[in-house]
file work_13.cif (mmCIF, C-alpha atoms and all ligand atoms)
data_final
#
loop_
_atom_site.label_atom_id
_atom_site.label_comp_id
_atom_site.auth_asym_id
_atom_site.auth_seq_id
_atom_site.Cartn_x
_atom_site.Cartn_y
_atom_site.Cartn_z
CA MET A 1 44.96 20.46 -4.54
CA LYS A 2 45.61 18.29 -7.51
CA SER A 3 46.10 21.29 -9.79
CA LYS A 4 48.60 22.81 -7.35
CA ILE A 5 50.66 19.67 -7.51
CA ILE A 6 50.51 19.73 -11.26
CA ILE A 7 51.63 23.36 -11.34
CA ALA A 8 54.46 22.60 -8.94
CA LEU A 9 55.57 19.68 -11.10
CA ALA A 10 55.39 21.80 -14.23
CA VAL A 11 57.54 24.47 -12.59
CA ILE A 12 60.10 21.85 -11.59
CA VAL A 13 60.14 20.35 -15.05
CA ILE A 14 60.62 23.75 -16.67
CA ILE A 15 63.05 25.26 -14.21
CA ALA A 16 65.23 22.30 -13.29
CA PRO A 17 66.95 21.98 -16.66
CA ALA A 18 67.67 25.71 -16.66
CA PHE A 19 69.40 25.37 -13.29
CA LYS A 20 71.30 22.36 -14.45
CA ALA A 21 72.47 24.22 -17.52
CA MET A 22 73.55 27.11 -15.32
CA ASN A 23 75.47 25.00 -12.84
CA PHE A 24 77.30 23.02 -15.45
CA GLN A 25 77.76 25.65 -18.06
CA LYS A 26 81.26 25.20 -19.29
CA LYS A 27 83.77 27.79 -18.29
CA PRO A 28 85.47 28.94 -21.50
CA TRP A 29 88.91 27.40 -21.84
CA PRO A 30 91.01 29.69 -23.97
CA VAL A 31 93.74 28.10 -26.06
CA PRO A 32 96.60 30.24 -27.41
CA ASP A 33 96.50 30.56 -31.20
CA THR A 34 99.86 28.88 -31.73
CA ALA A 35 98.64 25.82 -29.83
CA LYS A 36 95.26 25.90 -31.54
CA ASN A 37 96.79 25.94 -35.01
CA LYS A 38 99.42 23.30 -34.35
CA LYS A 39 99.13 20.57 -36.95
CA ASN A 40 98.71 16.96 -35.84
CA PRO A 41 101.91 15.25 -36.97
CA VAL A 42 100.54 11.74 -36.32
CA VAL A 43 98.53 10.29 -39.19
CA SER A 44 95.21 8.96 -38.00
CA ASN A 45 95.50 5.34 -39.04
CA ALA A 46 94.46 2.11 -37.35
CA GLU A 47 97.75 1.91 -35.45
CA SER A 48 97.55 5.40 -34.01
CA ILE A 49 93.89 4.99 -33.07
CA ALA A 50 94.64 1.69 -31.32
CA ALA A 51 97.47 3.36 -29.37
CA GLY A 52 95.15 6.24 -28.47
CA LYS A 53 92.44 3.86 -27.37
CA ALA A 54 94.81 2.00 -25.04
CA LEU A 55 95.96 5.28 -23.48
CA TRP A 56 92.35 6.40 -23.17
CA SER A 57 91.48 3.23 -21.22
CA THR A 58 94.42 3.72 -18.87
CA HIS A 59 94.26 7.47 -18.26
CA CYS A 60 90.98 9.02 -19.37
CA LYS A 61 88.15 6.50 -19.15
CA SER A 62 87.74 6.82 -15.38
CA CYS A 63 86.32 10.33 -15.78
CA HIS A 64 85.39 10.70 -19.43
CA GLY A 65 83.82 7.25 -19.79
CA ALA A 66 84.60 4.48 -22.29
CA LYS A 67 82.88 6.36 -25.10
CA GLY A 68 83.76 9.85 -23.94
CA LEU A 69 80.24 10.70 -22.84
CA GLY A 70 81.50 12.09 -19.53
CA ASP A 71 80.08 9.17 -17.57
CA GLY A 72 83.17 7.51 -16.11
CA PRO A 73 82.99 6.17 -12.54
CA LYS A 74 84.93 9.17 -11.20
CA ALA A 75 82.80 11.77 -12.98
CA ALA A 76 80.29 12.11 -10.13
CA GLN A 77 83.00 13.27 -7.71
CA LEU A 78 84.21 16.09 -9.94
CA ASN A 79 83.28 19.74 -9.51
CA THR A 80 83.23 20.28 -13.25
CA GLU A 81 81.63 18.08 -15.87
CA PRO A 82 84.13 16.39 -18.12
CA GLY A 83 81.87 17.13 -21.10
CA ASP A 84 80.53 14.92 -23.84
CA PHE A 85 83.15 14.16 -26.47
CA SER A 86 80.59 12.83 -28.93
CA LYS A 87 79.22 16.34 -29.33
CA THR A 88 80.25 19.09 -31.70
CA ASP A 89 81.51 21.52 -29.05
CA VAL A 90 84.40 19.12 -28.52
CA GLN A 91 84.62 17.66 -32.01
CA ALA A 92 84.62 21.11 -33.64
CA GLN A 93 87.81 22.02 -31.79
CA THR A 94 91.10 21.72 -33.62
CA ASP A 95 93.46 18.83 -32.99
CA GLY A 96 95.84 21.44 -31.58
CA SER A 97 93.27 22.58 -29.00
CA LEU A 98 92.53 19.05 -27.81
CA PHE A 99 96.27 18.37 -27.63
CA TYR A 100 96.81 21.55 -25.60
CA LYS A 101 94.00 20.83 -23.13
CA THR A 102 95.12 17.23 -22.66
CA SER A 103 98.72 18.33 -22.07
CA GLN A 104 97.99 21.30 -19.81
CA GLY A 105 94.90 20.26 -17.89
CA ARG A 106 92.82 22.60 -15.75
CA ASP A 107 91.16 22.22 -12.33
CA ASP A 108 89.70 18.70 -12.22
CA MET A 109 91.22 17.82 -15.56
CA PRO A 110 94.79 16.61 -14.96
CA GLY A 111 97.55 17.71 -17.33
CA TYR A 112 99.26 14.79 -19.07
CA LYS A 113 102.43 16.53 -20.24
CA SER A 114 104.58 14.53 -17.84
CA LYS A 115 102.39 11.46 -17.36
CA ILE A 116 102.39 10.87 -21.12
CA PRO A 117 105.79 12.27 -22.05
CA ASP A 118 105.81 11.24 -25.72
CA GLN A 119 103.89 14.00 -27.51
CA ASN A 120 103.01 11.62 -30.33
CA ASP A 121 101.06 9.55 -27.82
CA ILE A 122 98.96 12.59 -26.98
CA TRP A 123 98.38 13.20 -30.70
CA SER A 124 97.24 9.57 -30.96
CA LEU A 125 94.83 10.26 -28.11
CA VAL A 126 93.48 13.16 -30.13
CA ASN A 127 93.07 10.82 -33.12
CA TYR A 128 91.17 8.43 -30.86
CA ILE A 129 88.99 11.24 -29.49
CA ARG A 130 87.88 11.85 -33.10
CA THR A 131 86.39 8.35 -33.22
CA LEU A 132 84.16 9.24 -30.24
CA LYS A 133 82.13 11.55 -32.43
CA LYS A 134 78.41 10.81 -32.29
CA GLY A 135 77.64 7.60 -34.15
CA GLY A 136 81.29 6.72 -34.54
CA ALA A 137 82.33 5.05 -31.30
CA THR A 138 81.50 1.46 -32.13
CA ALA A 139 82.34 1.44 -35.82
CA PRO A 140 85.10 -1.00 -36.72
CA VAL A 141 88.24 0.42 -38.24
CA VAL A 142 88.29 -0.12 -41.99
CA PRO A 143 91.56 -1.63 -43.23
CA VAL A 144 93.96 0.80 -44.86
CA VAL A 145 93.35 0.96 -48.61
CA LYS A 146 97.05 0.47 -49.45
CA ASP A 147 96.97 -3.06 -47.99
CA THR A 148 94.19 -4.21 -50.27
CA VAL A 149 96.10 -2.86 -53.22
CA LYS A 150 99.15 -4.90 -52.29
CA LYS A 151 97.14 -8.09 -51.97
CA VAL A 152 95.91 -7.91 -55.56
CA ASP A 153 97.79 -10.54 -57.51
CA GLN A 154 99.43 -8.35 -60.08
CA PRO A 155 103.00 -8.11 -61.31
CA VAL A 156 102.64 -4.39 -61.92
CA LYS A 157 103.23 -2.21 -58.91
CA VAL A 158 100.07 -0.31 -58.19
CA GLU A 159 100.60 3.18 -56.90
CA THR A 160 97.83 4.89 -55.01
CA PRO A 161 97.25 8.11 -56.89
CA PRO A 162 97.88 11.26 -54.85
CA ALA A 163 94.79 12.71 -53.27
CA LYS A 164 93.26 15.26 -55.58
CA LYS A 165 93.10 18.82 -54.35
CA ASP A 166 89.77 19.54 -55.97
CA THR A 167 86.51 17.88 -55.21
CA VAL A 168 85.67 15.11 -57.65
CA ILE A 169 82.19 15.45 -59.03
CA LYS A 170 80.71 12.49 -60.84
CA LYS A 171 77.35 12.41 -62.48
CA ASN A 172 74.66 11.34 -60.00
CA ASP A 173 77.24 10.80 -57.31
CA PRO A 174 77.53 12.68 -54.06
CA VAL A 175 80.32 15.20 -53.97
CA ILE A 176 83.45 13.66 -52.57
CA PRO A 177 85.28 16.26 -50.53
CA LYS A 178 89.03 16.20 -50.29
CA THR A 179 89.89 13.75 -47.60
CA GLU A 180 93.15 14.91 -46.01
CA ASN A 181 91.55 17.09 -43.36
CA ILE A 182 88.53 14.94 -42.66
CA PRO A 183 88.57 12.79 -39.50
CA LEU A 184 88.93 9.08 -40.18
CA GLN A 185 85.42 8.32 -39.02
CA GLU A 186 84.02 10.82 -41.51
CA GLN A 187 86.07 9.21 -44.28
CA ILE A 188 84.76 5.80 -43.30
CA ASN A 189 81.20 7.10 -43.40
CA ILE A 190 81.73 8.58 -46.85
CA LEU A 191 83.21 5.31 -48.11
CA ARG A 192 80.35 3.34 -46.56
CA ALA A 193 77.78 5.50 -48.30
CA ARG A 194 79.61 4.95 -51.59
CA VAL A 195 79.74 1.20 -51.06
CA ASP A 196 76.03 1.19 -50.22
CA SER A 197 75.09 3.03 -53.39
CA LEU A 198 77.33 0.79 -55.49
CA GLU A 199 75.75 -2.26 -53.91
CA LYS A 200 72.31 -0.96 -54.76
CA GLU A 201 73.40 -0.38 -58.34
CA MET A 202 74.84 -3.90 -58.55
CA HIS A 203 71.60 -5.32 -57.20
CA LYS A 204 69.63 -3.49 -59.87
CA LEU A 205 71.94 -4.79 -62.58
CA LYS A 206 71.62 -8.33 -61.27
CA GLU A 207 67.86 -8.03 -61.39
CA LYS A 208 68.06 -6.74 -64.94
CA ILE A 209 70.25 -9.67 -65.94
CA SER A 210 67.94 -12.20 -64.35
CA THR A 211 64.87 -10.74 -66.11
CA MET A 212 66.84 -10.78 -69.37
CA LYS A 213 67.71 -14.43 -68.76
CA LYS A 214 64.09 -15.28 -68.03
CA ASP A 215 63.01 -13.50 -71.21
CA SER A 216 65.50 -15.36 -73.36
CA VAL A 217 64.43 -18.68 -71.85
CA SER A 218 60.76 -18.03 -72.62
CA TYR A 219 61.59 -17.13 -76.22
CA ASN A 220 63.43 -20.40 -76.82
C1 LIG B 1 90.07 13.10 -12.99
C2 LIG B 1 89.15 13.16 -14.09
C3 LIG B 1 89.69 13.31 -15.50
C4 LIG B 1 90.61 12.51 -16.13
C5 LIG B 1 91.32 11.29 -15.59
C6 LIG B 1 90.76 13.06 -17.45
N1 LIG B 1 89.96 14.16 -17.61
FE1 LIG B 1 89.80 15.32 -19.27
N2 LIG B 1 88.53 16.56 -18.30
C7 LIG B 1 88.07 16.38 -17.01
C8 LIG B 1 87.24 17.51 -16.65
C9 LIG B 1 86.53 17.70 -15.32
C10 LIG B 1 87.20 18.37 -17.78
C11 LIG B 1 86.52 19.73 -17.88
C12 LIG B 1 87.56 20.71 -17.40
C13 LIG B 1 87.15 22.16 -17.46
O1 LIG B 1 86.34 22.51 -18.32
O2 LIG B 1 87.68 22.90 -16.66
C14 LIG B 1 88.02 17.73 -18.79
C15 LIG B 1 88.24 18.28 -20.02
C16 LIG B 1 88.97 17.67 -21.03
C17 LIG B 1 89.15 18.21 -22.35
C18 LIG B 1 88.57 19.50 -22.86
C19 LIG B 1 87.16 19.26 -23.31
C20 LIG B 1 86.46 20.49 -23.81
O3 LIG B 1 85.22 20.52 -23.68
O4 LIG B 1 87.09 21.39 -24.33
C21 LIG B 1 89.94 17.32 -23.05
C22 LIG B 1 90.38 17.44 -24.49
C23 LIG B 1 90.23 16.24 -22.15
N3 LIG B 1 89.63 16.48 -20.94
C24 LIG B 1 90.98 15.15 -22.48
C25 LIG B 1 91.36 14.16 -21.58
C26 LIG B 1 92.22 13.07 -21.94
C27 LIG B 1 92.77 12.81 -23.32
C28 LIG B 1 92.43 12.36 -20.79
C29 LIG B 1 93.32 11.17 -20.60
C30 LIG B 1 94.68 11.27 -21.08
C31 LIG B 1 91.65 12.99 -19.74
N4 LIG B 1 91.02 14.09 -20.25
C32 LIG B 1 91.59 12.56 -18.42
C33 LIG B 1 88.37 15.33 -16.18
C34 LIG B 1 89.29 14.34 -16.44
#

call {"tool": "encode", "arguments": {"input": "work_13.cif", "output": "structure tokens"}}
result
Amino acid sequence: MKSKIIIALAVIVIIAPAFKAMNFQKKPWPVPDTAKNKKNPVVSNAESIAAGKALWSTHCKSCHGAKGLGDGPKAAQLNTEPGDFSKTDVQAQTDGSLFYKTSQGRDDMPGYKSKIPDQNDIWSLVNYIRTLKKGGATAPVVPVVKDTVKKVDQPVKVETPPAKKDTVIKKNDPVIPKTENIPLQEQINILRARVDSLEKEMHKLKEKISTMKKDSVSYN
């Protein structure tokens, strides 16, 4: 008796996820090439992301959830799953594709072409969707580098050098890929890693200095 129950449970455990995957398997959503390859004209900066976030709260959160996990309060009533925007199947899509799907809609997913008439607003939504990538939703927005440059008390005007086309390779440093096409969150992560490694190096130097100081004191 007991073993039958165990077998039944095992069958449920093995088969249930397969059924779930079948029921909710995403229907492919083809996007025309011209739409797919459309370039995002709105730079992904703090301002655009904030605008996107506000629109997300008003229009999208109810189904897609605050963090885009597909767990909004309305999600349970839908026939199709809204998907998980933290995952690569969404994040790997081009900005143009996300723009197209948001504008056009399909079935349970409303089209926002007329509800959000300014196309730049939809591009800002796309910029915000990029911050929903796994591990990126709660990260604070790092201030724009240009601002810090301005604040430096210097009579000489400091120009930010143009982004280099090639990857910069420094000895012992991770490769820094060209940043123009990388989502903001990715850029932040790269910068964080750099700051971390610099901090470690500084710490080591400090330790060195303090041992040197100690040595010199003991010799006196
Ligand atoms: C009424 C619920 C609902 C609302 C509100 C909603 N969506 Fe959706 N969304 C869905 C559903 C359901 C799908 C899956 C549609 C499908 O695959 O047919 C979807 C799919 C998407 C996709 C495609 C995801 C993929 O996997 O390719 C994008 C992009 C998207 N929504 C963006 C938005 C944005 C941006 C907003 C707000 C402006 C929004 N949605 C508002 C329900 C909603």

call {"tool": "closest_residue", "arguments": {"input": "work_13.cif", "among": "A:Asp107, A:Glu207, A:Glu186, A:Asp71", "to": "ligand LIG 1 (chain B)", "atoms": "only C-alpha atoms and all ligand atoms"}}
result
A:Asp107

call {"tool": "residues_near_ligand", "arguments": {"input": "work_13.cif", "ligand": "ligand LIG 1 (chain B)", "cutoff": "7 Å", "atoms": "all atoms listed in the file", "output": "ChimeraX atom specification"}}
result
/A:26-27,29,55-56,59-64,74-75,78-83,89-90,98-99,101-102,106-110,112,125-126

call {"tool": "write_last_selection", "arguments": {"input": "work_13.cif", "atoms": "C-alpha atoms", "output": "compact mmCIF listing (two decimals), in the frame of the given file"}}
result
# COMPACT_ATOMS: atom_id res chain seq x y z
CA LYS A 26 81.26 25.20 -19.29
CA LYS A 27 83.77 27.79 -18.29
CA TRP A 29 88.91 27.40 -21.84
CA LEU A 55 95.96 5.28 -23.48
CA TRP A 56 92.35 6.40 -23.17
CA HIS A 59 94.26 7.47 -18.26
CA CYS A 60 90.98 9.02 -19.37
CA LYS A 61 88.15 6.50 -19.15
CA SER A 62 87.74 6.82 -15.38
CA CYS A 63 86.32 10.33 -15.78
CA HIS A 64 85.39 10.70 -19.43
CA LYS A 74 84.93 9.17 -11.20
CA ALA A 75 82.80 11.77 -12.98
CA LEU A 78 84.21 16.09 -9.94
CA ASN A 79 83.28 19.74 -9.51
CA THR A 80 83.23 20.28 -13.25
CA GLU A 81 81.63 18.08 -15.87
CA PRO A 82 84.13 16.39 -18.12
CA GLY A 83 81.87 17.13 -21.10
CA ASP A 89 81.51 21.52 -29.05
CA VAL A 90 84.40 19.12 -28.52
CA LEU A 98 92.53 19.05 -27.81
CA PHE A 99 96.27 18.37 -27.63
CA LYS A 101 94.00 20.83 -23.13
CA THR A 102 95.12 17.23 -22.66
CA ARG A 106 92.82 22.60 -15.75
CA ASP A 107 91.16 22.22 -12.33
CA ASP A 108 89.70 18.70 -12.22
CA MET A 109 91.22 17.82 -15.56
CA PRO A 110 94.79 16.61 -14.96
CA TYR A 112 99.26 14.79 -19.07
CA LEU A 125 94.83 10.26 -28.11
CA VAL A 126 93.48 13.16 -30.13

call {"tool": "residues_around", "arguments": {"input": "work_13.cif", "residues": "Ser97 in chain A", "least_positions_apart": "4", "cutoff": "7 Å", "atoms": "all atoms listed in the file", "output": "NGL selection string"}}
result
:A and (31 or 35-36 or 93 or 101)

call {"tool": "atom_distance", "arguments": {"input": "work_13.cif", "atom1": "CA of Gly111 in chain A", "atom2": "CA of Pro28 in chain A"}}
result
17.0 Å

call {"tool": "closest_residue", "arguments": {"input": "work_13.cif", "among": "A:Arg130, A:Lys113, A:Lys67, A:Lys87", "to": "Leu184 in chain A", "atoms": "all atoms listed in the file"}}
result
A:Arg130
